[in-house]
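Worksheet: the structure to be examined is printed underneath.
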Amino acid sequence: LHKQEGDFVLGYWLGVPFWGRGFMSEAVAAAVRFAFTVLELPRLTSGHFAENDRSARILRKTGFTVIRHETKHCLARGADIAHVSVALSRDTWIAKSGIN
């Protein structure tokens, strides 16, 4: 988690050999739970490159919703790539998770 332009941003990356094992789903859920229950942050933002269906699925499953489509520079590819920015509010997360 880091703060960028007033928003708290959840960022992550996972090496290819570890894909498909549920590690990132578990890590994202834990980070979100920590952000909202311990830090009591009001909102988190995150995002994924448009073709990254795995990240899209993890973020959607955790409760994030799309706030905008844009283009961002991808350092690994050295090019500007279509990007989807998402957000999740603490209130929405609490309502969906049933935590009081």
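For the structure tokens, the naming scheme is as follows: chains receive sequential letters (A, B, ...) according to their order of presentation, residues are indexed from 1 within each chain, and ligands are indexed from 1 in presentation order.
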At a cut-off of 9 Å, using only C-alpha atoms, what residues contact stretch 59-71 of chain A? Leave out same-chain residues fewer than 2 positions from it and give the result as an MDAnalysis selection string. chainID A and resid 25 28:29 32 44:50 54:57 73 80:89 92:93 96
Could you pull out the residues in stretch 26-84 of chain A that DSSP calls helix (DSSP H, G or I) from the backbone, as an MDAnalysis selection string? chainID A and resid 26:37 53:62
Output file for the residues above (C-alpha atoms, as a PDB file, in the first residue's frame):
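What follows is the written file selection.pdb:
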ATOM      1  CA  GLU A  26      -5.103 -14.374  -0.580  1.00  0.00           C
ATOM      2  CA  ALA A  27      -2.555 -11.536  -0.418  1.00  0.00           C
ATOM      3  CA  VAL A  28      -4.923  -8.946  -1.907  1.00  0.00           C
ATOM      4  CA  ALA A  29      -7.725  -9.985   0.460  1.00  0.00           C
ATOM      5  CA  ALA A  30      -5.344  -9.722   3.449  1.00  0.00           C
ATOM      6  CA  ALA A  31      -4.015  -6.310   2.363  1.00  0.00           C
ATOM      7  CA  VAL A  32      -7.545  -4.966   1.885  1.00  0.00           C
ATOM      8  CA  ARG A  33      -8.653  -6.354   5.263  1.00  0.00           C
ATOM      9  CA  PHE A  34      -5.601  -4.716   6.924  1.00  0.00           C
ATOM     10  CA  ALA A  35      -6.190  -1.394   5.141  1.00  0.00           C
ATOM     11  CA  PHE A  36      -9.824  -1.206   6.200  1.00  0.00           C
ATOM     12  CA  THR A  37      -9.782  -2.781   9.683  1.00  0.00           C
ATOM     13  CA  ASP A  53      -7.653 -11.077 -16.876  1.00  0.00           C
ATOM     14  CA  ARG A  54      -6.176 -12.705 -13.756  1.00  0.00           C
ATOM     15  CA  SER A  55      -5.659  -9.376 -11.979  1.00  0.00           C
ATOM     16  CA  ALA A  56      -9.056  -8.147 -13.143  1.00  0.00           C
ATOM     17  CA  ARG A  57     -10.669 -11.242 -11.638  1.00  0.00           C
ATOM     18  CA  ILE A  58      -8.817 -10.897  -8.301  1.00  0.00           C
ATOM     19  CA  LEU A  59      -9.729  -7.228  -7.932  1.00  0.00           C
ATOM     20  CA  ARG A  60     -13.357  -7.786  -8.949  1.00  0.00           C
ATOM     21  CA  LYS A  61     -13.672 -10.748  -6.548  1.00  0.00           C
ATOM     22  CA  THR A  62     -12.318  -8.561  -3.730  1.00  0.00           C
TER      23      THR A  62
END
May I ask for the distance between atom CA of A:Ala95 and atom CA of A:Arg43, given in Å to one decimal place?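 If I compute the distance from atom CA of A:Ala95 to atom CA of A:Arg43, I get 13.6 Å.
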What is the atom CA of A:Asp91-atom CA of A:Tyr12 distance in Å, reported with one decimal?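 Going from atom CA of A:Asp91 over to atom CA of A:Tyr12 covers 22.9 Å.
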One-decimal distance in Å that lies between atom CA of A:Pro17 and atom CA of A:Ala79: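 Atom CA of A:Ala79 sits 24.1 Å away from atom CA of A:Pro17.
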Among chain A, which ones does DSSP place in strand (DSSP E or B), written as a PyMOL selection string? chain A and resi 2-4+7-9+43-49+65-74+79-89
